[in-house]
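Next comes query-v4.txt, a file with compact mmCIF, C-alpha atoms (C1' of nucleotides).
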```
# COMPACT_ATOMS: atom_id res chain seq x y z
CA MET N 24 16.09 2.47 -2.73
CA LEU N 25 16.27 -1.31 -2.62
CA LYS N 26 16.13 -2.34 1.01
CA SER N 27 17.36 -5.89 0.68
CA ALA N 28 17.21 -6.50 4.40
CA GLU N 29 13.43 -6.54 4.26
CA ARG N 30 11.24 -9.53 3.62
CA PRO N 31 10.05 -9.78 0.02
CA VAL N 32 6.51 -9.02 1.05
CA GLU N 33 7.59 -5.85 2.80
CA GLN N 34 9.53 -4.76 -0.27
CA LEU N 35 6.53 -5.52 -2.40
CA LEU N 36 4.09 -3.66 -0.19
CA GLU N 37 6.36 -0.67 0.11
CA LEU N 38 6.33 -0.48 -3.66
CA MET N 39 2.62 -1.18 -4.00
CA GLY N 40 2.00 1.56 -1.46
CA HIS N 41 3.13 4.13 -3.98
CA LYS N 42 0.55 5.88 -6.04
CA GLY N 43 -0.44 4.12 -9.24
CA VAL N 44 1.42 0.88 -8.67
CA PHE N 45 -1.65 -1.21 -8.03
CA THR N 46 -3.20 0.23 -11.17
CA ILE N 47 -0.09 -0.56 -13.17
CA LEU N 48 -0.06 -4.18 -12.06
CA ARG N 49 -3.75 -4.66 -12.60
CA SER N 50 -3.59 -3.11 -16.04
CA LEU N 51 -0.72 -5.32 -17.09
CA GLN N 52 -2.79 -8.38 -16.27
CA ASN N 53 -4.47 -7.85 -19.64
CA GLY N 54 -1.22 -7.76 -21.58
CA PRO N 55 1.76 -5.48 -22.25
CA LEU N 56 1.31 -1.72 -22.25
CA ARG N 57 3.37 1.23 -23.38
CA PHE N 58 4.77 4.01 -21.25
CA GLY N 59 2.33 6.56 -22.57
CA VAL N 60 -0.67 4.38 -21.90
CA LEU N 61 0.46 3.73 -18.35
CA GLN N 62 0.85 7.44 -17.91
CA GLN N 63 -2.76 8.02 -18.87
CA LEU N 64 -4.06 5.16 -16.75
CA THR N 65 -2.22 6.23 -13.64
CA ASN N 66 -2.16 9.98 -14.08
CA LEU N 67 1.44 10.00 -12.94
CA PRO N 68 3.96 12.56 -14.14
CA PRO N 69 6.66 10.92 -16.31
CA ARG N 70 9.34 11.14 -13.69
CA THR N 71 7.28 9.33 -11.09
CA LEU N 72 6.04 6.68 -13.51
CA SER N 73 9.58 6.07 -14.65
CA LEU N 74 10.74 5.58 -11.07
CA ARG N 75 7.96 3.13 -10.29
CA LEU N 76 8.58 1.11 -13.44
CA LYS N 77 12.24 0.80 -12.61
CA GLU N 78 11.45 -0.36 -9.11
CA LEU N 79 9.00 -2.91 -10.46
CA GLU N 80 11.73 -4.14 -12.77
CA GLU N 81 14.21 -4.36 -9.89
CA LEU N 82 11.80 -6.62 -8.06
CA ARG N 83 11.43 -8.61 -11.28
CA LEU N 84 7.69 -8.13 -11.36
CA ILE N 85 7.66 -6.53 -14.78
CA SER N 86 9.91 -6.60 -17.82
CA ARG N 87 10.76 -3.82 -20.21
CA THR N 88 10.98 -4.42 -23.96
CA GLU N 89 12.43 -1.86 -26.29
CA TYR N 90 11.75 -1.99 -30.03
CA ASN N 91 14.13 -0.33 -32.43
CA GLU N 92 11.58 1.71 -34.27
CA VAL N 93 10.96 5.31 -35.12
CA PRO N 94 9.13 6.71 -33.25
CA PRO N 95 10.55 4.82 -30.25
CA ARG N 96 8.39 2.15 -28.72
CA VAL N 97 8.76 0.42 -25.38
CA ASP N 98 6.41 -1.80 -23.56
CA TYR N 99 6.05 -3.28 -20.12
CA ALA N 100 4.68 -6.68 -19.20
CA LEU N 101 4.24 -8.84 -16.14
CA THR N 102 6.98 -11.39 -15.58
CA GLU N 103 6.36 -14.88 -14.32
CA ARG N 104 6.99 -13.63 -10.82
CA GLY N 105 4.59 -10.77 -11.43
CA ARG N 106 1.90 -13.16 -12.57
CA GLY N 107 2.40 -15.02 -9.32
CA LEU N 108 1.00 -11.94 -7.74
CA GLU N 109 -2.33 -12.21 -9.49
CA PRO N 110 -4.15 -14.07 -6.72
CA ALA N 111 -3.18 -11.31 -4.33
CA LEU N 112 -4.29 -8.64 -6.78
CA GLU N 113 -7.61 -10.37 -7.18
CA ALA N 114 -8.06 -10.70 -3.43
CA LEU N 115 -7.36 -7.00 -2.98
CA ALA N 116 -9.75 -6.05 -5.74
CA ALA N 117 -12.40 -8.29 -4.21
CA TRP N 118 -11.90 -6.67 -0.83
CA GLU N 119 -12.34 -3.28 -2.39
CA GLU N 120 -15.51 -4.41 -4.12
CA LYS N 121 -16.92 -5.66 -0.86
CA SER N 122 -15.87 -2.59 1.07
CA LEU N 123 -17.63 -0.30 -1.38
CA ARG N 124 -20.96 -1.93 -0.71
CA MET U 12 -3.34 12.11 6.30
CA LEU U 13 -6.55 10.54 5.15
CA LYS U 14 -6.74 10.95 1.41
CA SER U 15 -10.42 10.29 0.94
CA ALA U 16 -10.25 10.96 -2.77
CA GLU U 17 -8.39 7.71 -3.29
CA ARG U 18 -9.91 4.33 -3.96
CA PRO U 19 -10.11 2.16 -0.84
CA VAL U 20 -7.49 -0.20 -2.19
CA GLU U 21 -5.08 2.67 -2.75
CA GLN U 22 -5.64 3.91 0.79
CA LEU U 23 -5.13 0.41 2.08
CA LEU U 24 -1.95 -0.18 0.11
CA GLU U 25 -0.52 3.17 1.08
CA LEU U 26 -0.97 2.14 4.68
CA MET U 27 0.26 -1.41 4.16
CA GLY U 28 3.30 0.04 2.44
CA HIS U 29 4.49 1.41 5.74
CA LYS U 30 6.91 -0.62 7.74
CA GLY U 31 5.41 -3.16 10.09
CA VAL U 32 1.81 -2.88 8.95
CA PHE U 33 1.72 -6.23 7.24
CA THR U 34 3.20 -7.82 10.32
CA ILE U 35 0.63 -6.11 12.53
CA LEU U 36 -2.26 -7.39 10.45
CA ARG U 37 -0.89 -10.89 10.20
CA SER U 38 -0.22 -11.06 13.91
CA LEU U 39 -3.72 -9.93 14.77
CA GLN U 40 -5.13 -12.82 12.75
CA ASN U 41 -4.39 -14.99 15.79
CA GLY U 42 -6.26 -12.75 18.20
CA PRO U 43 -5.94 -9.40 20.00
CA LEU U 44 -2.54 -8.11 20.99
CA ARG U 45 -1.27 -5.37 23.25
CA PHE U 46 0.74 -2.32 22.27
CA GLY U 47 3.93 -3.62 23.82
CA VAL U 48 3.70 -6.94 22.04
CA LEU U 49 3.14 -5.24 18.71
CA GLN U 50 6.16 -3.11 19.41
CA GLN U 51 8.32 -6.17 19.88
CA LEU U 52 6.91 -7.95 16.85
CA THR U 53 7.39 -5.01 14.52
CA ASN U 54 10.46 -3.40 16.02
CA LEU U 55 8.82 0.00 15.54
CA PRO U 56 9.53 2.95 17.82
CA PRO U 57 6.44 3.83 19.90
CA ARG U 58 5.65 6.96 17.96
CA THR U 59 5.59 5.17 14.63
CA LEU U 60 3.60 2.23 15.95
CA SER U 61 1.11 4.61 17.47
CA LEU U 62 0.66 6.42 14.16
CA ARG U 63 0.12 3.18 12.24
CA LEU U 64 -2.40 1.88 14.76
CA LYS U 65 -4.40 5.08 14.52
CA GLU U 66 -4.40 4.91 10.76
CA LEU U 67 -5.52 1.30 10.86
CA GLU U 68 -8.31 2.39 13.17
CA GLU U 69 -9.28 5.20 10.82
CA LEU U 70 -9.67 2.69 8.03
CA ARG U 71 -11.70 0.55 10.45
CA LEU U 72 -9.40 -2.40 10.00
CA ILE U 73 -8.60 -2.73 13.68
CA SER U 74 -10.29 -1.73 16.92
CA ARG U 75 -8.75 -0.46 20.13
CA THR U 76 -9.98 -1.62 23.51
CA GLU U 77 -8.90 0.06 26.71
CA TYR U 78 -9.28 -1.66 30.07
CA ASN U 79 -9.43 0.38 33.23
CA GLU U 80 -6.71 -1.39 35.09
CA VAL U 81 -3.49 -0.58 36.80
CA PRO U 82 -1.10 -0.93 35.13
CA PRO U 83 -2.92 0.29 32.00
CA ARG U 84 -3.88 -2.28 29.43
CA VAL U 85 -4.99 -1.75 25.85
CA ASP U 86 -5.38 -4.21 23.09
CA TYR U 87 -5.91 -4.19 19.39
CA ALA U 88 -7.95 -6.59 17.29
CA LEU U 89 -9.04 -7.04 13.70
CA THR U 90 -12.49 -5.70 12.93
CA GLU U 91 -14.93 -7.42 10.62
CA ARG U 92 -13.63 -5.30 7.79
CA GLY U 93 -10.10 -6.21 8.78
CA ARG U 94 -10.94 -9.89 8.69
CA GLY U 95 -12.24 -9.35 5.19
CA LEU U 96 -8.65 -8.71 4.32
CA GLU U 97 -7.48 -12.15 5.33
CA PRO U 98 -7.66 -13.73 1.87
CA ALA U 99 -5.41 -10.97 0.58
CA LEU U 100 -3.01 -11.42 3.47
CA GLU U 101 -2.87 -15.14 2.79
CA ALA U 102 -2.28 -14.57 -0.91
CA LEU U 103 0.55 -12.20 -0.16
CA ALA U 104 2.10 -14.58 2.32
CA ALA U 105 1.81 -17.39 -0.20
CA TRP U 106 3.48 -15.25 -2.84
CA GLU U 107 6.33 -14.59 -0.45
CA GLU U 108 6.69 -18.27 0.33
CA LYS U 109 6.88 -19.08 -3.33
CA SER U 110 9.28 -16.28 -4.09
CA LEU U 111 11.70 -17.44 -1.42
CA ARG U 112 12.10 -20.81 -3.04
C1' DC Q 16 7.41 8.60 -27.93
C1' DA Q 17 9.77 7.55 -23.82
C1' DG Q 18 11.97 9.27 -20.69
C1' DA Q 19 15.93 12.43 -18.09
C1' DA Q 20 17.18 16.79 -15.49
C1' DT Q 21 16.10 20.12 -12.20
C1' DC Q 22 13.52 22.22 -8.53
C1' DC Q 23 10.46 22.25 -4.63
C1' DT Q 24 7.42 21.20 -0.59
C1' DA Q 25 5.37 17.91 2.50
C1' DC Q 26 5.56 14.20 5.07
C1' DA Q 27 7.76 9.42 6.61
C1' DA Q 28 10.06 7.48 10.08
C1' DG Q 29 13.73 6.88 13.37
C1' DA Q 30 15.99 8.52 17.91
C1' DT Q 31 15.34 10.07 22.32
C1' DA Q 32 13.15 11.69 26.38
C1' DC Q 33 9.18 12.21 29.07
C1' DT Q 34 4.27 11.14 31.48
C1' DG Q 35 -0.80 9.76 33.02
C1' DC I 2 2.21 0.03 30.30
C1' DA I 3 0.89 2.76 26.61
C1' DG I 4 1.62 6.11 24.75
C1' DT I 5 3.02 11.74 23.67
C1' DA I 6 6.53 15.51 22.60
C1' DT I 7 10.31 17.11 20.13
C1' DC I 8 13.87 17.01 16.63
C1' DT I 9 16.26 15.44 12.52
C1' DT I 10 17.10 13.46 8.05
C1' DG I 11 15.57 11.35 3.90
C1' DT I 12 12.45 10.62 0.35
C1' DA I 13 7.79 11.03 -2.15
C1' DG I 14 5.94 12.95 -5.66
C1' DG I 15 4.25 16.90 -8.32
C1' DA I 16 5.55 20.71 -11.81
C1' DT I 17 8.14 21.96 -15.53
C1' DT I 18 11.45 21.80 -19.19
C1' DC I 19 14.28 19.34 -22.38
C1' DT I 20 16.14 15.38 -25.63
C1' DG I 21 17.79 10.78 -28.11
```

Written as structure tokens, how would this file's structure read?
Amino acid sequence: MLKSAERPVEQLLELMGHKGVFTILRSLQNGPLRFGVLQQLTNLPPRTLSLRLKELEELRLISRTEYNEVPPRVDYALTERGRGLEPALEALAAWEEKSLR
Amino acid sequence: MLKSAERPVEQLLELMGHKGVFTILRSLQNGPLRFGVLQQLTNLPPRTLSLRLKELEELRLISRTEYNEVPPRVDYALTERGRGLEPALEALAAWEEKSLR
DNA sequence: CAGAATCCTACAAGATACTG
DNA sequence: CAGTATCTTGTAGGATTCTG
């Protein structure tokens, strides 16, 4: 799945091209979120969400934190590298805004 | 192919997620280019390049101009809407720069 | 709750050959 | 030159069911 021959931006865009990924990144800008919440926000089936989260982790854009609690609790947050993406996310959101008018 | 139910940014990212599309858009920032040149820049087979260019046209990000000459000549250029994408392209390129260091 | 396992269908994308 | 036609293989991603 990881095509290391590609430029980082191509890897990134390939991942962001998948359904829900932009929403995931944007949502995490406001702080960590749990699996279940991301599922509701993106409307992805668990299998697909799980795949995307792993790929985002592989690219070191998000981190996964597991708490030893019952019931289980896990949350996902932007990494430093992921936060470096924020200007691009904003630019894309701004473009969308403009293109809706 | 056109999933009109999606938000513009999701449509855009789905398209930009395909191989070569980022390169196409970036290259066109410097002015119109011909099919053959885009083929060399992206390393895409003609069929795939042709598909991507049509999809970019559908989203009104690029325009196609055909000249009645022999041999045939066609070129592609960013539209106004496509130029609206430039801040995002720059942000992505900047992110890549940073992430390489 | 947070996923993993299994199954399925549609389409991505590359290779190759051909043409107005 | 700028594509189209045809064929093949891999993967996306949705549905559903199950579990540590």

Give the superposed chain U as a short mmCIF file (atom, residue, chain, number, x, y, z; two decimals) with C-alpha atoms, in the coordinates of the input, the fit being least squares on chain N over all ordered C-alpha pairs.
```cif
data_model
loop_
_atom_site.label_atom_id
_atom_site.label_comp_id
_atom_site.auth_asym_id
_atom_site.auth_seq_id
_atom_site.Cartn_x
_atom_site.Cartn_y
_atom_site.Cartn_z
CA MET U 12 16.26 2.47 -2.66
CA LEU U 13 16.36 -1.28 -2.56
CA LYS U 14 16.16 -2.33 1.05
CA SER U 15 17.38 -5.88 0.70
CA ALA U 16 17.22 -6.49 4.42
CA GLU U 17 13.44 -6.52 4.27
CA ARG U 18 11.24 -9.52 3.67
CA PRO U 19 10.05 -9.77 0.07
CA VAL U 20 6.49 -9.00 1.09
CA GLU U 21 7.60 -5.83 2.84
CA GLN U 22 9.54 -4.73 -0.23
CA LEU U 23 6.55 -5.51 -2.37
CA LEU U 24 4.10 -3.64 -0.17
CA GLU U 25 6.38 -0.65 0.13
CA LEU U 26 6.35 -0.46 -3.64
CA MET U 27 2.64 -1.17 -3.98
CA GLY U 28 2.03 1.57 -1.44
CA HIS U 29 3.16 4.13 -3.96
CA LYS U 30 0.56 5.84 -6.03
CA GLY U 31 -0.42 4.10 -9.23
CA VAL U 32 1.44 0.85 -8.67
CA PHE U 33 -1.64 -1.21 -8.04
CA THR U 34 -3.20 0.20 -11.16
CA ILE U 35 -0.08 -0.57 -13.17
CA LEU U 36 -0.06 -4.19 -12.06
CA ARG U 37 -3.75 -4.67 -12.61
CA SER U 38 -3.59 -3.12 -16.05
CA LEU U 39 -0.72 -5.33 -17.11
CA GLN U 40 -2.80 -8.40 -16.27
CA ASN U 41 -4.48 -7.88 -19.65
CA GLY U 42 -1.23 -7.77 -21.58
CA PRO U 43 1.75 -5.48 -22.25
CA LEU U 44 1.29 -1.74 -22.25
CA ARG U 45 3.35 1.21 -23.38
CA PHE U 46 4.74 4.00 -21.24
CA GLY U 47 2.30 6.56 -22.55
CA VAL U 48 -0.70 4.37 -21.88
CA LEU U 49 0.45 3.71 -18.34
CA GLN U 50 0.84 7.42 -17.88
CA GLN U 51 -2.76 8.01 -18.86
CA LEU U 52 -4.07 5.15 -16.75
CA THR U 53 -2.23 6.21 -13.62
CA ASN U 54 -2.16 9.96 -14.07
CA LEU U 55 1.46 9.96 -12.90
CA PRO U 56 3.98 12.54 -14.07
CA PRO U 57 6.65 10.91 -16.29
CA ARG U 58 9.36 11.09 -13.68
CA THR U 59 7.31 9.29 -11.07
CA LEU U 60 6.06 6.66 -13.49
CA SER U 61 9.59 6.06 -14.64
CA LEU U 62 10.78 5.54 -11.07
CA ARG U 63 7.98 3.08 -10.29
CA LEU U 64 8.59 1.08 -13.45
CA LYS U 65 12.27 0.76 -12.63
CA GLU U 66 11.48 -0.39 -9.13
CA LEU U 67 9.01 -2.93 -10.46
CA GLU U 68 11.74 -4.14 -12.78
CA GLU U 69 14.20 -4.38 -9.90
CA LEU U 70 11.80 -6.63 -8.07
CA ARG U 71 11.43 -8.62 -11.30
CA LEU U 72 7.70 -8.12 -11.36
CA ILE U 73 7.65 -6.54 -14.79
CA SER U 74 9.91 -6.60 -17.83
CA ARG U 75 10.75 -3.81 -20.24
CA THR U 76 10.98 -4.41 -23.96
CA GLU U 77 12.40 -1.83 -26.32
CA TYR U 78 11.72 -1.96 -30.04
CA ASN U 79 14.06 -0.27 -32.46
CA GLU U 80 11.51 1.77 -34.28
CA VAL U 81 10.86 5.35 -35.13
CA PRO U 82 9.06 6.74 -33.26
CA PRO U 83 10.48 4.85 -30.26
CA ARG U 84 8.35 2.15 -28.74
CA VAL U 85 8.74 0.43 -25.39
CA ASP U 86 6.39 -1.80 -23.56
CA TYR U 87 6.03 -3.29 -20.16
CA ALA U 88 4.68 -6.70 -19.21
CA LEU U 89 4.23 -8.85 -16.13
CA THR U 90 6.98 -11.38 -15.58
CA GLU U 91 6.36 -14.88 -14.30
CA ARG U 92 7.01 -13.64 -10.81
CA GLY U 93 4.62 -10.77 -11.43
CA ARG U 94 1.92 -13.16 -12.55
CA GLY U 95 2.43 -15.02 -9.30
CA LEU U 96 1.01 -11.94 -7.71
CA GLU U 97 -2.32 -12.21 -9.47
CA PRO U 98 -4.16 -14.06 -6.69
CA ALA U 99 -3.18 -11.28 -4.31
CA LEU U 100 -4.28 -8.63 -6.77
CA GLU U 101 -7.61 -10.37 -7.18
CA ALA U 102 -8.07 -10.67 -3.43
CA LEU U 103 -7.37 -7.00 -2.99
CA ALA U 104 -9.74 -6.05 -5.76
CA ALA U 105 -12.40 -8.27 -4.25
CA TRP U 106 -11.89 -6.65 -0.87
CA GLU U 107 -12.36 -3.26 -2.46
CA GLU U 108 -15.52 -4.38 -4.21
CA LYS U 109 -16.93 -5.63 -0.96
CA SER U 110 -15.91 -2.56 0.96
CA LEU U 111 -17.66 -0.27 -1.49
CA ARG U 112 -20.99 -1.90 -0.88
#
```

Hey, list the chain N side of the contact with chain U: 8 Å cut-off, all atoms listed in the file, answer as a list of chain:residue names. N:Pro31, N:Val32, N:Glu33, N:Leu36, N:Glu37, N:Leu38, N:Met39, N:Gly40, N:His41, N:Lys42, N:Phe45, N:Arg104, N:Gly107, N:Leu108, N:Pro110, N:Ala111, N:Leu112, N:Ala114, N:Leu115, N:Ala116, N:Trp118, N:Glu119, N:Ser122, N:Leu123

Specify as a PyMOL selection string all residues of chain N found within 12 Å of chain Q, counting all atoms listed in the file. chain N and resi 57-62+68-74+76-77+87+89-90+92-98

Which residues of chain I have any atom within 10 Å of an atom in chain U when counting all atoms listed in the file, and what is the closest pair of atoms for each, with the distance in Å to one decimal? Order the rows by chain and rising number and write it as a tab-separated table.
```
residue	atom	partner	partner_atom	distance
I:DC2	C1'	U:Pro83	CA	5.4
I:DA3	C1'	U:Phe46	CA	6.7
I:DG4	C1'	U:Pro57	CA	7.2
I:DT5	C1'	U:Arg58	CA	7.9
I:DA6	C1'	U:Arg58	CA	9.8
```

What does the distance between CA of Leu67 (chain U) and CA of Arg75 (chain N) come to in Å, to one decimal place?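 Computed distance, CA of Leu67 (chain U) to CA of Arg75 (chain N), equals 25.1 Å.
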
Mind filling out region 81-110 of chain U with N, CA and C atoms and sending it as a short mmCIF file (atom, residue, chain, number, x, y, z; two decimals), in the frame of the given file?
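out-v2.cif was written with the following content:
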```
data_model
loop_
_atom_site.label_atom_id
_atom_site.label_comp_id
_atom_site.auth_asym_id
_atom_site.auth_seq_id
_atom_site.Cartn_x
_atom_site.Cartn_y
_atom_site.Cartn_z
N VAL U 81 -4.82 -1.07 36.50
CA VAL U 81 -3.49 -0.58 36.80
C VAL U 81 -2.59 -1.78 36.94
N PRO U 82 -1.54 -1.87 36.16
CA PRO U 82 -1.10 -0.93 35.13
C PRO U 82 -2.04 -0.93 33.93
N PRO U 83 -2.03 0.15 33.15
CA PRO U 83 -2.92 0.29 32.00
C PRO U 83 -2.79 -0.87 31.02
N ARG U 84 -3.91 -1.19 30.40
CA ARG U 84 -3.88 -2.28 29.43
C ARG U 84 -4.79 -1.91 28.26
N VAL U 85 -4.27 -2.08 27.07
CA VAL U 85 -4.99 -1.75 25.85
C VAL U 85 -4.72 -2.88 24.88
N ASP U 86 -5.74 -3.29 24.17
CA ASP U 86 -5.38 -4.21 23.09
C ASP U 86 -6.08 -3.89 21.77
N TYR U 87 -5.49 -4.46 20.75
CA TYR U 87 -5.91 -4.19 19.39
C TYR U 87 -6.36 -5.48 18.73
N ALA U 88 -7.42 -5.38 17.94
CA ALA U 88 -7.95 -6.59 17.29
C ALA U 88 -8.43 -6.24 15.89
N LEU U 89 -8.47 -7.24 15.03
CA LEU U 89 -9.04 -7.04 13.70
C LEU U 89 -10.55 -6.79 13.82
N THR U 90 -11.04 -5.88 13.04
CA THR U 90 -12.49 -5.70 12.93
C THR U 90 -13.02 -6.67 11.88
N GLU U 91 -14.31 -6.64 11.70
CA GLU U 91 -14.93 -7.42 10.62
C GLU U 91 -14.30 -7.06 9.28
N ARG U 92 -14.23 -5.76 9.05
CA ARG U 92 -13.63 -5.30 7.79
C ARG U 92 -12.18 -5.78 7.66
N GLY U 93 -11.48 -5.76 8.78
CA GLY U 93 -10.10 -6.21 8.78
C GLY U 93 -10.01 -7.69 8.46
N ARG U 94 -10.95 -8.45 8.98
CA ARG U 94 -10.94 -9.89 8.69
C ARG U 94 -11.25 -10.15 7.23
N GLY U 95 -11.97 -9.23 6.61
CA GLY U 95 -12.24 -9.35 5.19
C GLY U 95 -10.97 -9.31 4.35
N LEU U 96 -9.92 -8.85 5.02
CA LEU U 96 -8.65 -8.71 4.32
C LEU U 96 -7.84 -10.00 4.34
N GLU U 97 -8.29 -10.94 5.12
CA GLU U 97 -7.48 -12.15 5.33
C GLU U 97 -7.13 -12.90 4.06
N PRO U 98 -8.06 -13.05 3.11
CA PRO U 98 -7.66 -13.73 1.87
C PRO U 98 -6.49 -13.03 1.18
N ALA U 99 -6.51 -11.72 1.20
CA ALA U 99 -5.41 -10.97 0.58
C ALA U 99 -4.12 -11.19 1.35
N LEU U 100 -4.21 -11.18 2.65
CA LEU U 100 -3.01 -11.42 3.47
C LEU U 100 -2.44 -12.80 3.19
N GLU U 101 -3.33 -13.77 3.08
CA GLU U 101 -2.87 -15.14 2.79
C GLU U 101 -2.21 -15.21 1.41
N ALA U 102 -2.83 -14.55 0.45
CA ALA U 102 -2.28 -14.57 -0.91
C ALA U 102 -0.89 -13.93 -0.94
N LEU U 103 -0.75 -12.86 -0.20
CA LEU U 103 0.55 -12.20 -0.16
C LEU U 103 1.59 -13.07 0.53
N ALA U 104 1.18 -13.71 1.60
CA ALA U 104 2.10 -14.58 2.32
C ALA U 104 2.49 -15.77 1.44
N ALA U 105 1.53 -16.27 0.69
CA ALA U 105 1.81 -17.39 -0.20
C ALA U 105 2.78 -16.97 -1.30
N TRP U 106 2.57 -15.76 -1.81
CA TRP U 106 3.48 -15.25 -2.84
C TRP U 106 4.90 -15.17 -2.29
N GLU U 107 5.01 -14.70 -1.06
CA GLU U 107 6.33 -14.59 -0.45
C GLU U 107 6.97 -15.96 -0.29
N GLU U 108 6.21 -16.89 0.19
CA GLU U 108 6.69 -18.27 0.33
C GLU U 108 7.29 -18.76 -0.99
N LYS U 109 6.47 -18.61 -2.01
CA LYS U 109 6.88 -19.08 -3.33
C LYS U 109 8.13 -18.36 -3.81
N SER U 110 8.19 -17.07 -3.55
CA SER U 110 9.28 -16.28 -4.09
C SER U 110 10.58 -16.49 -3.32
#
```
